[in-house]
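Here the structure comes first, spelled out in structure tokens, and everything after it is commentary.
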Amino acid sequence: MGMYFLLMARASTTSDAFNAVAEPRRREILIYLAAAERPVGEIVAALGLEQPSVSKHLKVLRDVGLVRMRCQGRQKLYRTNADAIRPLHEWAGTFERYWQHQLNRVKERAEQMVRQTAPEPDAQELNSPNPNPPNPANPQPSKPASTEKEKP
């Protein structure tokens with residue numbers, strides 16, 4: 001009996017927002033547009049991509065609704081569409097608890113390592129009446145014993 005592999009056709013990049021943002025340059029464009037509405041030429045210059053490439057990516061992002069375009073004279077201005085981006089944000093948020101848990105574990109482990117490597121204070125330091133004992137590595141300048149003013 002042989003093995004059979006079922007090949008699934010890849011979804012079109014214009015089928016939904018998730019497929020559209022699978023391409024890294026489209027994510028870069030979205031991030032850049034998040035700050036402000038911008039013309040194509042500014043996107044090209046800022047991201048260092050070719051103009052035809054940026055235009056194609058913008059078309060895909062527009063087709064799935066992640067980006068809106070408006071004309072101002074002969075110039076086309078693009079901006080993100082927050083309502084269309086919300087499902088992406090909500091989906092990514094489902095993993096936030098997992099990552100927060102992982103970050104808390106890393107923090108706890110780091111704190112545990114610091115506690116294990118921190119030197120224990122000796123008995124003399126614990127019984128010292130001075131809350132700020134002198135530090136031999138950083139000596140403080142001593143005050144002059146005499147309070148008389150020096151004459152010029």
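Residues are referred to by chain and number: the chain letter is A, B, ... according to the order shown in the structure tokens, the number counts from 1 in that chain, and ligands are numbered separately from 1 in the order shown.
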Apply DSSP to the structure's backbone, then extract all residues of stretch 65-122 of chain A labelled strand (DSSP E) and return them as an mmCIF file with C-alpha atoms, in the first residue's frame.
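Result file follows (selection.cif):
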data_model
loop_
_atom_site.group_PDB
_atom_site.id
_atom_site.type_symbol
_atom_site.label_atom_id
_atom_site.label_comp_id
_atom_site.auth_asym_id
_atom_site.auth_seq_id
_atom_site.Cartn_x
_atom_site.Cartn_y
_atom_site.Cartn_z
ATOM 1 C CA VAL A 67 -6.087 49.718 3.448
ATOM 2 C CA ARG A 68 -8.225 52.550 2.131
ATOM 3 C CA MET A 69 -7.331 54.934 -0.660
ATOM 4 C CA ARG A 70 -8.510 58.428 -1.448
ATOM 5 C CA CYS A 71 -7.564 60.774 -4.233
ATOM 6 C CA GLN A 72 -6.325 64.262 -3.565
ATOM 7 C CA GLN A 75 -2.207 61.952 -5.854
ATOM 8 C CA LYS A 76 -3.501 58.741 -4.236
ATOM 9 C CA LEU A 77 -3.240 58.622 -0.446
ATOM 10 C CA TYR A 78 -3.368 55.373 1.514
ATOM 11 C CA ARG A 79 -4.239 54.697 5.143
ATOM 12 C CA THR A 80 -4.986 51.656 7.266
#
Of the listed residues A:Arg38, A:Arg86, A:His101, A:Arg109, that which approaches A:Gly65 most closely, counting only C-alpha atoms: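 Once distances to A:Gly65 are computed over only C-alpha atoms, the minimum belongs to A:Arg86.
Nearest to A:Val60 of all the residues A:Asn81, A:Asn104, A:Ser15, A:Thr94 is A:Ser15, based on only C-alpha atoms.
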Shortest interatomic distance to A:Phe18 - which of A:His89, A:Glu37, A:Tyr98, A:Arg105, counting only C-alpha atoms: A:His89
Å distance separating atom CA of A:Asn19 from atom CA of A:Glu42, one decimal place: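 Spanning atom CA of A:Asn19 to atom CA of A:Glu42 is a straight-line distance of 25.0 Å.
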Polymer residues at most 10 Å from A:Gln51, only C-alpha atoms, same-chain spacing of 4 or more positions, as a list in words: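 Once the nearby chain positions are removed, what remains is Val40, Gly41, Glu42, Ile43, Val44, Ala45, Ser55, Lys56 and His57 of chain A.
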Save the residues we just selected, N, CA and C atoms, as a tab-separated table (two decimals), in the first residue's frame?
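Output file result23.tsv is given in full below:
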chain	number	residue	atom	x	y	z
A	40	VAL	N	1.91	56.95	-2.33
A	40	VAL	CA	2.72	55.81	-2.75
A	40	VAL	C	4.20	56.17	-2.77
A	41	GLY	N	4.54	57.33	-3.31
A	41	GLY	CA	5.94	57.72	-3.41
A	41	GLY	C	6.65	57.76	-2.07
A	42	GLU	N	5.95	58.19	-1.05
A	42	GLU	CA	6.54	58.23	0.29
A	42	GLU	C	6.76	56.82	0.84
A	43	ILE	N	5.83	55.92	0.56
A	43	ILE	CA	5.97	54.52	0.99
A	43	ILE	C	7.18	53.89	0.30
A	44	VAL	N	7.30	54.15	-1.00
A	44	VAL	CA	8.42	53.62	-1.79
A	44	VAL	C	9.74	54.10	-1.19
A	45	ALA	N	9.83	55.41	-0.94
A	45	ALA	CA	11.08	55.99	-0.43
A	45	ALA	C	11.40	55.47	0.97
A	55	SER	N	2.79	49.26	-5.33
A	55	SER	CA	1.43	49.40	-5.89
A	55	SER	C	0.69	48.08	-5.88
A	56	LYS	N	1.37	46.99	-6.23
A	56	LYS	CA	0.73	45.67	-6.22
A	56	LYS	C	0.35	45.26	-4.80
A	57	HIS	N	1.25	45.49	-3.85
A	57	HIS	CA	0.94	45.14	-2.46
A	57	HIS	C	-0.22	45.98	-1.94
Selected residue, from A:Leu47, A:Val64, A:Leu88, A:Leu103, that lies nearest to A:Ala20 when counting only C-alpha atoms: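 Between A:Leu47, A:Val64, A:Leu88, A:Leu103, the residue approaching A:Ala20 most closely is A:Val64.
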Nearest candidate to A:Ser53 (options A:Pro39, A:Leu30, A:Arg25, A:Val114; using only C-alpha atoms): A:Arg25
